[in-house]
$ cat coords_31.pdb   # PDB, C-alpha atoms, pLDDT in the B column
MODEL        1
ATOM      1  CA  MET U   1       3.703  30.369  -9.755  1.00 58.00           C
ATOM      2  CA  GLN U   2       4.054  28.990  -6.256  1.00 61.00           C
ATOM      3  CA  LEU U   3       4.089  25.273  -5.647  1.00 62.00           C
ATOM      4  CA  LYS U   4       1.820  23.784  -3.015  1.00 69.00           C
ATOM      5  CA  LYS U   5       3.611  22.696   0.150  1.00 77.00           C
ATOM      6  CA  ILE U   6       3.917  18.930   0.510  1.00 81.00           C
ATOM      7  CA  ASP U   7       3.438  17.679   4.085  1.00 81.00           C
ATOM      8  CA  LEU U   8       5.565  14.574   3.670  1.00 85.00           C
ATOM      9  CA  ALA U   9       6.791  12.089   1.101  1.00 88.00           C
ATOM     10  CA  PHE U  10       7.636   8.383   1.159  1.00 88.00           C
ATOM     11  CA  TRP U  11      10.780   6.739  -0.209  1.00 89.00           C
ATOM     12  CA  SER U  12      11.517   3.069  -0.752  1.00 86.00           C
ATOM     13  CA  HIS U  13      14.498   1.783  -2.663  1.00 82.00           C
ATOM     14  CA  GLY U  14      16.360  -1.438  -2.824  1.00 76.00           C
ATOM     15  CA  LEU U  15      15.536  -4.628  -4.652  1.00 75.00           C
ATOM     16  CA  HIS U  16      15.999  -3.195  -8.145  1.00 76.00           C
ATOM     17  CA  ASP U  17      19.538  -2.314  -7.098  1.00 80.00           C
ATOM     18  CA  TRP U  18      20.196  -5.660  -5.412  1.00 77.00           C
ATOM     19  CA  GLY U  19      23.719  -5.854  -6.849  1.00 78.00           C
ATOM     20  CA  TRP U  20      24.893  -3.271  -4.317  1.00 83.00           C
ATOM     21  CA  TRP U  21      23.915  -5.445  -1.355  1.00 83.00           C
ATOM     22  CA  ASP U  22      23.673  -9.057  -2.588  1.00 83.00           C
ATOM     23  CA  SER U  23      26.245 -10.561  -0.224  1.00 86.00           C
ATOM     24  CA  PRO U  24      26.108 -10.953   3.563  1.00 90.00           C
ATOM     25  CA  PRO U  25      25.557  -9.165   5.788  1.00 94.00           C
ATOM     26  CA  TYR U  26      22.565  -8.096   3.674  1.00 92.00           C
ATOM     27  CA  GLY U  27      21.039  -5.739   6.221  1.00 93.00           C
ATOM     28  CA  LYS U  28      24.181  -3.749   6.879  1.00 96.00           C
ATOM     29  CA  ARG U  29      25.107  -3.587   3.191  1.00 94.00           C
ATOM     30  CA  TYR U  30      21.579  -2.463   2.284  1.00 93.00           C
ATOM     31  CA  TYR U  31      21.697   0.229   4.959  1.00 95.00           C
ATOM     32  CA  ASP U  32      25.159   1.428   3.935  1.00 95.00           C
ATOM     33  CA  THR U  33      24.410   1.551   0.196  1.00 91.00           C
ATOM     34  CA  MET U  34      20.698   2.364  -0.106  1.00 91.00           C
ATOM     35  CA  VAL U  35      19.450   3.904   3.133  1.00 94.00           C
ATOM     36  CA  LYS U  36      22.413   6.210   3.695  1.00 93.00           C
ATOM     37  CA  GLN U  37      21.625   7.846   0.328  1.00 91.00           C
ATOM     38  CA  TRP U  38      18.177   8.663   1.688  1.00 92.00           C
ATOM     39  CA  ILE U  39      19.590   9.917   4.997  1.00 94.00           C
ATOM     40  CA  THR U  40      21.825  12.331   3.087  1.00 93.00           C
ATOM     41  CA  MET U  41      19.136  13.374   0.590  1.00 90.00           C
ATOM     42  CA  ARG U  42      16.408  13.981   3.182  1.00 89.00           C
ATOM     43  CA  THR U  43      18.362  16.873   4.669  1.00 88.00           C
ATOM     44  CA  GLN U  44      18.572  18.571   1.265  1.00 90.00           C
ATOM     45  CA  VAL U  45      14.886  18.751   0.342  1.00 87.00           C
ATOM     46  CA  PRO U  46      12.175  21.011   1.796  1.00 86.00           C
ATOM     47  CA  THR U  47       9.723  18.133   2.273  1.00 88.00           C
ATOM     48  CA  PRO U  48      10.032  15.666   5.169  1.00 89.00           C
ATOM     49  CA  VAL U  49      10.706  12.191   3.754  1.00 91.00           C
ATOM     50  CA  VAL U  50       9.754   8.866   5.377  1.00 92.00           C
ATOM     51  CA  TRP U  51      11.634   5.633   4.588  1.00 92.00           C
ATOM     52  CA  VAL U  52       9.338   2.722   3.608  1.00 92.00           C
ATOM     53  CA  SER U  53      10.243  -0.960   3.962  1.00 90.00           C
ATOM     54  CA  MET U  54      10.309  -3.365   1.001  1.00 89.00           C
ATOM     55  CA  ASN U  55       7.651  -6.037   0.451  1.00 83.00           C
ATOM     56  CA  ASN U  56       8.552  -9.347   2.028  1.00 82.00           C
ATOM     57  CA  ASN U  57       8.814 -11.985  -0.702  1.00 80.00           C
ATOM     58  CA  CYS U  58       7.077 -15.311  -1.261  1.00 78.00           C
ATOM     59  CA  LEU U  59       9.721 -17.608  -2.736  1.00 75.00           C
ATOM     60  CA  GLU U  60       7.150 -20.192  -3.845  1.00 75.00           C
ATOM     61  CA  LEU U  61       5.708 -17.700  -6.316  1.00 74.00           C
ATOM     62  CA  ILE U  62       8.836 -15.989  -7.638  1.00 71.00           C
ATOM     63  CA  GLN U  63       9.134 -16.946 -11.299  1.00 63.00           C
ATOM     64  CA  ASN U  64      11.161 -14.175 -12.860  1.00 57.00           C
ATOM     65  CA  SER U  65      13.513 -12.662 -10.361  1.00 55.00           C
ATOM     66  CA  LEU U  66      15.606  -9.582 -10.891  1.00 57.00           C
ATOM     67  CA  MET U  67      18.345 -11.675  -9.333  1.00 56.00           C
ATOM     68  CA  GLY U  68      18.157 -14.576 -11.786  1.00 59.00           C
ATOM     69  CA  SER U  69      19.848 -17.619 -10.248  1.00 62.00           C
ATOM     70  CA  LYS U  70      20.029 -15.874  -6.852  1.00 64.00           C
ATOM     71  CA  LYS U  71      16.238 -15.679  -6.560  1.00 62.00           C
ATOM     72  CA  PHE U  72      16.228 -18.141  -3.666  1.00 67.00           C
ATOM     73  CA  VAL U  73      18.392 -15.735  -1.659  1.00 78.00           C
ATOM     74  CA  GLN U  74      16.123 -12.802  -2.461  1.00 79.00           C
ATOM     75  CA  GLY U  75      13.565 -13.489   0.290  1.00 80.00           C
ATOM     76  CA  ALA U  76      16.239 -13.732   2.985  1.00 84.00           C
ATOM     77  CA  MET U  77      17.925 -10.568   1.708  1.00 87.00           C
ATOM     78  CA  VAL U  78      14.727  -8.546   1.853  1.00 87.00           C
ATOM     79  CA  GLU U  79      13.744  -9.792   5.310  1.00 88.00           C
ATOM     80  CA  GLU U  80      17.189  -9.167   6.776  1.00 92.00           C
ATOM     81  CA  ALA U  81      17.398  -5.732   5.157  1.00 92.00           C
ATOM     82  CA  ASN U  82      13.950  -4.739   6.435  1.00 92.00           C
ATOM     83  CA  TRP U  83      14.760  -5.942   9.949  1.00 93.00           C
ATOM     84  CA  TYR U  84      18.118  -4.174  10.053  1.00 96.00           C
ATOM     85  CA  VAL U  85      16.781  -0.886   8.685  1.00 94.00           C
ATOM     86  CA  HIS U  86      13.786  -0.986  11.046  1.00 92.00           C
ATOM     87  CA  LYS U  87      16.143  -1.391  14.008  1.00 94.00           C
ATOM     88  CA  ARG U  88      18.666   1.250  12.890  1.00 95.00           C
ATOM     89  CA  LEU U  89      16.138   3.931  11.953  1.00 93.00           C
ATOM     90  CA  ARG U  90      14.327   3.488  15.270  1.00 91.00           C
ATOM     91  CA  GLU U  91      17.632   3.833  17.121  1.00 92.00           C
ATOM     92  CA  GLU U  92      18.519   6.942  15.107  1.00 92.00           C
ATOM     93  CA  LYS U  93      14.997   8.347  15.494  1.00 92.00           C
ATOM     94  CA  LEU U  94      14.535   8.740  11.759  1.00 93.00           C
ATOM     95  CA  PRO U  95      11.096   8.511  10.113  1.00 92.00           C
ATOM     96  CA  TYR U  96      10.130   5.006   9.052  1.00 90.00           C
ATOM     97  CA  TRP U  97       6.954   3.316   7.846  1.00 89.00           C
ATOM     98  CA  ASP U  98       6.947  -0.453   8.090  1.00 88.00           C
ATOM     99  CA  ALA U  99       4.656  -1.104   5.135  1.00 85.00           C
ATOM    100  CA  ALA U 100       5.864  -4.707   5.064  1.00 81.00           C
ATOM    101  CA  SER U 101       4.366  -5.423   8.483  1.00 79.00           C
ATOM    102  CA  VAL U 102       1.150  -6.676   6.882  1.00 72.00           C
ATOM    103  CA  LEU U 103       3.180  -9.252   4.927  1.00 73.00           C
ATOM    104  CA  ARG U 104       5.023 -11.117   7.664  1.00 74.00           C
ATOM    105  CA  SER U 105       2.755 -14.124   7.963  1.00 73.00           C
ATOM    106  CA  PRO U 106       2.885 -17.264   5.800  1.00 72.00           C
ATOM    107  CA  GLN U 107      -0.287 -15.983   4.148  1.00 78.00           C
ATOM    108  CA  ARG U 108       1.785 -13.409   2.276  1.00 77.00           C
ATOM    109  CA  CYS U 109       1.823 -15.837  -0.651  1.00 81.00           C
ATOM    110  CA  ASN U 110      -1.966 -15.405  -0.869  1.00 85.00           C
ATOM    111  CA  VAL U 111      -1.666 -11.654  -1.414  1.00 83.00           C
ATOM    112  CA  SER U 112       1.087 -11.671  -4.022  1.00 81.00           C
ATOM    113  CA  GLY U 113       0.743 -12.308  -7.709  1.00 78.00           C
ATOM    114  CA  ASP U 114       4.415 -12.904  -8.431  1.00 77.00           C
ATOM    115  CA  GLY U 115       6.092 -13.402  -5.051  1.00 74.00           C
ATOM    116  CA  VAL U 116       7.522  -9.881  -4.962  1.00 77.00           C
ATOM    117  CA  HIS U 117       4.700  -7.434  -5.642  1.00 78.00           C
ATOM    118  CA  VAL U 118       1.409  -7.419  -3.762  1.00 81.00           C
ATOM    119  CA  LYS U 119      -2.012  -7.540  -5.344  1.00 83.00           C
ATOM    120  CA  MET U 120      -3.714  -4.188  -5.684  1.00 84.00           C
ATOM    121  CA  PHE U 121      -6.126  -4.734  -2.778  1.00 83.00           C
ATOM    122  CA  VAL U 122      -3.158  -4.986  -0.373  1.00 83.00           C
ATOM    123  CA  ASP U 123      -1.907  -1.564  -1.430  1.00 83.00           C
ATOM    124  CA  ILE U 124      -5.444  -0.217  -1.033  1.00 86.00           C
ATOM    125  CA  VAL U 125      -5.614  -1.641   2.510  1.00 85.00           C
ATOM    126  CA  ARG U 126      -2.179  -0.189   3.303  1.00 83.00           C
ATOM    127  CA  ALA U 127      -3.321   3.187   1.975  1.00 85.00           C
ATOM    128  CA  ASN U 128      -6.419   3.010   4.182  1.00 85.00           C
ATOM    129  CA  ILE U 129      -4.294   2.168   7.226  1.00 83.00           C
ATOM    130  CA  LEU U 130      -1.996   5.048   6.414  1.00 85.00           C
ATOM    131  CA  PHE U 131      -4.773   7.592   5.870  1.00 83.00           C
ATOM    132  CA  ASN U 132      -6.598   6.460   9.015  1.00 83.00           C
ATOM    133  CA  LYS U 133      -3.428   7.324  10.909  1.00 81.00           C
ATOM    134  CA  LEU U 134      -2.889  10.650   9.185  1.00 86.00           C
ATOM    135  CA  CYS U 135      -6.499  11.905   9.085  1.00 87.00           C
ATOM    136  CA  ASP U 136      -9.135  12.316  11.777  1.00 87.00           C
ATOM    137  CA  GLU U 137     -12.619  10.791  11.666  1.00 87.00           C
ATOM    138  CA  ASN U 138     -13.813  13.738   9.527  1.00 89.00           C
ATOM    139  CA  PHE U 139     -11.001  13.189   7.002  1.00 84.00           C
ATOM    140  CA  ASN U 140      -9.101  16.276   8.096  1.00 88.00           C
ATOM    141  CA  TRP U 141      -5.315  16.033   7.864  1.00 85.00           C
ATOM    142  CA  ILE U 142      -3.665  15.636  11.282  1.00 86.00           C
ATOM    143  CA  GLY U 143      -0.516  13.885  10.155  1.00 81.00           C
ATOM    144  CA  GLY U 144       3.066  14.838   9.942  1.00 82.00           C
ATOM    145  CA  ILE U 145       6.548  13.437  10.076  1.00 84.00           C
ATOM    146  CA  ASP U 146       6.248  12.932  13.838  1.00 85.00           C
ATOM    147  CA  LYS U 147       3.810  10.052  13.216  1.00 83.00           C
ATOM    148  CA  PHE U 148       6.761   8.045  11.874  1.00 84.00           C
ATOM    149  CA  ILE U 149       9.431   8.710  14.508  1.00 82.00           C
ATOM    150  CA  GLU U 150      10.135   6.936  17.804  1.00 63.00           C
ATOM    151  CA  PRO U 151       8.318   6.130  19.915  1.00 58.00           C
ATOM    152  CA  TYR U 152       7.471   3.883  17.010  1.00 49.00           C
ATOM    153  CA  ASN U 153       3.892   4.228  15.855  1.00 49.00           C
ATOM    154  CA  SER U 154       2.961   1.013  14.140  1.00 49.00           C
ATOM    155  CA  LEU U 155       0.923   1.505  10.994  1.00 47.00           C
TER     156      LEU U 155
ENDMDL
END
$ encode --input "coords_31.pdb" --output "structure tokens"
Amino acid sequence: MQLKKIDLAFWSHGLHDWGWWDSPPYGKRYYDTMVKQWITMRTQVPTPVVWVSMNNNCLELIQNSLMGSKKFVQGAMVEEANWYVHKRLREEKLPYWDAASVLRSPQRCNVSGDGVHVKMFVDIVRANILFNKLCDENFNWIGGIDKFIEPYNSL
């Protein structure tokens, strides 16, 4: 049996392992502990892998945080980590999808049920944005890893 070739995959990792990067500088620690694992792994698999940013948080809605008493730091950690990784991966010309870009306004609290995860319609919109970038007007696949490497193509 031969497996079907996969054009590309997406990887996001971070908040569930917050203990590895829960002290300043959050961005650098996140990059050194989480993202470097991906950088190493991506060279060992046959499928191109794109790093995906974490959801920006809405502190007003966070009730049950993975971080317990540190929940008020969580939003700052995620934003700093996303910013740092965005900058570093662009500089290193590594594939990156800024899925959090649609959540940078104060309205992000309106699209989150718990302050961390987005409501389903947001993921549907993000999927539509992604597929509009990776498919032509006739829904034929035109995408590839190059759509996620500098010069940065905003999705």
$ resolve_selection --input "coords_31.pdb" --expression "the PyMOL selection byres ((chain U and resi 116) around 8)" --output "ChimeraX atom specification"
/U:55-58,62,112-115,117-118
$ atom_distance --input "coords_31.pdb" --atom1 "atom CA of U:Ser105" --atom2 "atom CA of U:Val125"
16.0 Å
$ closest_residue --input "coords_31.pdb" --among "U:Gly19, U:Pro46, U:Gly27, U:Gly14" --to "U:Glu80" --atoms "all atoms listed in the file"
U:Gly27
$ atom_distance --input "coords_31.pdb" --atom1 "atom CA of U:Trp38" --atom2 "atom CA of U:Phe10"
10.6 Å
$ atom_distance --input "coords_31.pdb" --atom1 "atom CA of U:Ser53" --atom2 "atom CA of U:Phe148"
12.5 Å
$ closest_residue --input "coords_31.pdb" --among "U:Cys135, U:Ala76, U:Ala81, U:Ala99" --to "U:Trp11" --atoms "only C-alpha atoms"
U:Ala99
$ residues_around --input "coords_31.pdb" --residues "U:Phe131" --least-positions-apart "2" --cutoff "10 Å" --atoms "all atoms listed in the file" --output "PyMOL selection string"
chain U and resi 125-129+133-136+139-143+155
$ write_last_selection --input "coords_31.pdb" --atoms "C-alpha atoms" --output "PDB file, keeping the file's coordinate frame"
ATOM      1  CA  VAL U 125      -5.614  -1.641   2.510  1.00 85.00           C
ATOM      2  CA  ARG U 126      -2.179  -0.189   3.303  1.00 83.00           C
ATOM      3  CA  ALA U 127      -3.321   3.187   1.975  1.00 85.00           C
ATOM      4  CA  ASN U 128      -6.419   3.010   4.182  1.00 85.00           C
ATOM      5  CA  ILE U 129      -4.294   2.168   7.226  1.00 83.00           C
ATOM      6  CA  LYS U 133      -3.428   7.324  10.909  1.00 81.00           C
ATOM      7  CA  LEU U 134      -2.889  10.650   9.185  1.00 86.00           C
ATOM      8  CA  CYS U 135      -6.499  11.905   9.085  1.00 87.00           C
ATOM      9  CA  ASP U 136      -9.135  12.316  11.777  1.00 87.00           C
ATOM     10  CA  PHE U 139     -11.001  13.189   7.002  1.00 84.00           C
ATOM     11  CA  ASN U 140      -9.101  16.276   8.096  1.00 88.00           C
ATOM     12  CA  TRP U 141      -5.315  16.033   7.864  1.00 85.00           C
ATOM     13  CA  ILE U 142      -3.665  15.636  11.282  1.00 86.00           C
ATOM     14  CA  GLY U 143      -0.516  13.885  10.155  1.00 81.00           C
ATOM     15  CA  LEU U 155       0.923   1.505  10.994  1.00 47.00           C
TER      16      LEU U 155
END
$ closest_residue --input "coords_31.pdb" --among "U:Pro106, U:Gly75, U:Pro24, U:Pro95" --to "U:Val49" --atoms "only C-alpha atoms"
U:Pro95
$ closest_residue --input "coords_31.pdb" --among "U:Lys5, U:Tyr84, U:Met77, U:Gln44" --to "U:Asp32" --atoms "only C-alpha atoms"
U:Tyr84
$ residues_near_point --input "coords_31.pdb" --point "(18.8, -0.3, 9.0)" --cutoff "9 Å" --atoms "all atoms listed in the file" --output "PyMOL selection string"
chain U and resi 27-28+30-32+35+81-90
$ axis_aligned_box --input "coords_31.pdb" --around "stretch 4-15 of chain U" --padding-each-side "3 Å" --output "AutoDock Vina command-line options"
--center_x 9.1 --center_y 9.6 --center_z -0.3 --size_x 20.5 --size_y 34.4 --size_z 14.7
$ closest_residue --input "coords_31.pdb" --among "U:Gln107, U:Met41, U:Ser23, U:Leu15" --to "U:Val78" --atoms "all atoms listed in the file"
U:Leu15
